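Read through the structure below, which is laid out as structure tokens, and then see the notes.
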Amino acid sequence: MMKTIWINAVLLALAAPACAQTCRAIVFEDTPFTVCDVQAGADLRLWLNDAEGRLIGTPERLANELAEGEALVFAMNAGMYHPDRRPVGLYVQDETEIAPIVTAAGPGNFGMLPNGVFCADQGFAVIESRRFAQEAPPCRIATQSGPMLVIEGALHPRFLPDSDSLNIRNGVGVSADGQTAWFAISDAPVTFHRFARLFRDELGTPDALYLDGSVSRLIAPGLGRADLGVPMGPIIGVVTRD
């Protein structure tokens, strides 16, 4: 009962007008997903710490970051993080680089090259990390994660269709013209291969990036949803005004 009251209070504090809702439930290959569409020009933000340097990390603290008249359309994990919630790779917030890009191979999903960067400026892009480091495109916000899910229309070469590695997963894909980004989370455990096919075959994205796995969470007031879990590191989401 108390958990329900807490969730309802958080959703009320975050809620956007009904016309601003962009998240929808879909089913792809018998697996449920929630997909949130973002158009270029939307107020897409990254959050990590508050003005005093304290981790935001939770829906209720995120609500405190919204100004009067602002409301949250949705938010989710923006990438992988260290135990202290620092971003693992590149993190750019309000055109300021908080953490540098990492281009070396390494352990875990992040280090499964090719990995990539989601960049938002006038439009959106998902760019392979080493190419991003060479080109250094301007980004108002950027977050690095890995592995890439879709690379120029091809699935990551290490994904196996019959893999038994199943997890809740979230990620982002971008349209060919860079004007639309789709943020998706699986609502049931899914393989990398199926998750990548969601972006390529259902959403039609030529490039897509994995953001996080078993700790992935979605906050979507329009769906009455504020997933419970451990505090997040970087958070990405869309804000609107009343």
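Starting from 1 in every chain, residues are counted up; chains themselves are A, B, ... following the order of the structure tokens, and ligands are numbered from 1 as listed.
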
Could you give me, as a tab-separated table, every stretch 188-232 of chain A residue with an atom at most 12 Å from stretch 62-70 of chain A, plus its closest atom pair and distance in Å to one decimal, counting only C-alpha atoms, rows ordered by chain then number?
residue	atom	partner	partner_atom	distance
A:Ile219	CA	A:Leu62	CA	10.1
A:Pro221	CA	A:Ala63	CA	11.3
A:Ala226	CA	A:Leu62	CA	11.5
A:Pro231	CA	A:Leu62	CA	11.0
A:Met232	CA	A:Leu62	CA	10.7

As an MDAnalysis selection string, please: the residues near A:Leu46 (cut-off 10 Å, only C-alpha atoms, same-chain neighbours under 6 positions excluded).
chainID A and resid 75:78 91:94 140:143 234:238

Selection export as a CSV table (one decimal), in the first residue's frame, atoms kept: C-alpha atoms:
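File written: out-v7.csv
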chain,number,residue,atom,x,y,z
A,75,ALA,CA,13.2,9.2,-18.4
A,76,MET,CA,15.4,6.1,-18.4
A,77,ASN,CA,19.0,5.0,-17.8
A,78,ALA,CA,21.3,6.9,-20.1
A,91,TYR,CA,29.3,12.1,-20.8
A,92,VAL,CA,28.4,15.6,-22.1
A,93,GLN,CA,25.7,17.7,-20.3
A,94,ASP,CA,24.8,21.2,-21.5
A,140,ARG,CA,24.6,19.6,-26.6
A,141,ILE,CA,24.3,16.3,-24.7
A,142,ALA,CA,26.1,13.0,-25.3
A,143,THR,CA,26.4,9.6,-23.6
A,234,PRO,CA,23.2,9.0,-15.8
A,235,ILE,CA,19.5,9.6,-16.7
A,236,ILE,CA,18.1,10.8,-20.0
A,237,GLY,CA,14.6,12.1,-20.7
A,238,VAL,CA,12.3,14.6,-22.2

Practice problem: Could you pull out the residues in stretch 153-205 of chain A that DSSP calls strand (DSSP E or B) from the backbone, as a list in words? | Solution: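 Selection result, strand (DSSP E or B) within stretch 153-205 of chain A: Ala154, Leu155, Asn167, Asn170, Gly171, Val172, Gly173, Val174, Thr180, Ala181, Trp182, Phe183, Ala184, Ile185, Ser186 and Val190 of chain A.
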
Just write the chosen residues, N, CA, C and O atoms, as a compact mmCIF listing (two decimals), in the first residue's frame.
# COMPACT_ATOMS: atom_id res chain seq x y z
N ALA A 154 23.45 -3.14 -39.98
CA ALA A 154 23.87 -4.51 -39.63
C ALA A 154 23.87 -4.68 -38.12
O ALA A 154 24.21 -3.76 -37.37
N LEU A 155 23.49 -5.88 -37.67
CA LEU A 155 23.56 -6.16 -36.24
C LEU A 155 25.01 -6.32 -35.80
O LEU A 155 25.89 -6.68 -36.60
N ASN A 167 18.01 -10.53 -20.51
CA ASN A 167 17.96 -9.46 -19.52
C ASN A 167 16.93 -8.42 -19.94
O ASN A 167 16.60 -8.31 -21.12
N ASN A 170 17.67 -1.66 -22.17
CA ASN A 170 17.19 -0.42 -22.79
C ASN A 170 18.24 0.15 -23.72
O ASN A 170 19.44 -0.12 -23.59
N GLY A 171 17.79 0.92 -24.72
CA GLY A 171 18.70 1.46 -25.72
C GLY A 171 18.05 2.57 -26.50
O GLY A 171 16.90 2.95 -26.26
N VAL A 172 18.80 3.07 -27.49
CA VAL A 172 18.32 4.18 -28.32
C VAL A 172 18.75 3.96 -29.76
O VAL A 172 19.86 3.52 -30.04
N GLY A 173 17.85 4.27 -30.68
CA GLY A 173 18.14 4.24 -32.10
C GLY A 173 17.72 5.54 -32.74
O GLY A 173 16.87 6.26 -32.20
N VAL A 174 18.32 5.86 -33.88
CA VAL A 174 18.11 7.14 -34.54
C VAL A 174 17.72 6.92 -35.99
O VAL A 174 18.26 6.03 -36.67
N THR A 180 14.57 11.86 -35.64
CA THR A 180 13.81 11.10 -34.65
C THR A 180 14.74 10.16 -33.90
O THR A 180 15.61 9.52 -34.51
N ALA A 181 14.56 10.10 -32.59
CA ALA A 181 15.24 9.10 -31.75
C ALA A 181 14.19 8.27 -31.06
O ALA A 181 13.16 8.79 -30.62
N TRP A 182 14.42 6.97 -31.01
CA TRP A 182 13.53 6.06 -30.32
C TRP A 182 14.27 5.46 -29.13
O TRP A 182 15.32 4.82 -29.29
N PHE A 183 13.73 5.70 -27.94
CA PHE A 183 14.26 5.10 -26.72
C PHE A 183 13.36 3.92 -26.37
O PHE A 183 12.14 4.08 -26.28
N ALA A 184 13.95 2.75 -26.17
CA ALA A 184 13.15 1.54 -25.94
C ALA A 184 13.68 0.79 -24.73
O ALA A 184 14.88 0.79 -24.44
N ILE A 185 12.75 0.14 -24.03
CA ILE A 185 13.09 -0.76 -22.93
C ILE A 185 12.27 -2.03 -23.10
O ILE A 185 11.09 -1.97 -23.49
N SER A 186 12.90 -3.16 -22.87
CA SER A 186 12.16 -4.42 -22.94
C SER A 186 11.38 -4.60 -21.65
O SER A 186 11.88 -4.32 -20.55
N VAL A 190 15.23 -10.24 -22.66
CA VAL A 190 15.39 -10.39 -24.10
C VAL A 190 16.87 -10.54 -24.42
O VAL A 190 17.74 -10.05 -23.69

Which distance in Å separates atom CA of A:Ser214 and atom CA of A:Phe118, to one decimal?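 One can read the atom CA of A:Ser214 to atom CA of A:Phe118 distance as 20.1 Å.
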
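Residues lying within 6 Å of stretch 149-153 of chain A, counting only C-alpha atoms and ignoring same-chain neighbours fewer than 2 positions away, are Leu155, His156, Ala196, Pro206, Asp207, Ala208, Leu209 and Tyr210 of chain A.
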
Output the selection as a PDB file, in the first residue's frame - C-alpha atoms for each residue.
ATOM      1  CA  LEU A 155      23.558  -6.165 -36.238  1.00  0.00           C
ATOM      2  CA  HIS A 156      26.602  -6.239 -33.970  1.00  0.00           C
ATOM      3  CA  ALA A 196      18.850  -5.146 -31.889  1.00  0.00           C
ATOM      4  CA  PRO A 206      20.200   2.225 -39.284  1.00  0.00           C
ATOM      5  CA  ASP A 207      22.159   2.815 -36.054  1.00  0.00           C
ATOM      6  CA  ALA A 208      21.252   1.963 -32.474  1.00  0.00           C
ATOM      7  CA  LEU A 209      23.066   1.814 -29.142  1.00  0.00           C
ATOM      8  CA  TYR A 210      22.637  -0.330 -26.052  1.00  0.00           C
TER       9      TYR A 210
END

Using only C-alpha atoms, the best pick from A:Val230, A:Leu90, A:Ile98, A:Arg45 as closest to A:Asn115 would be A:Leu90
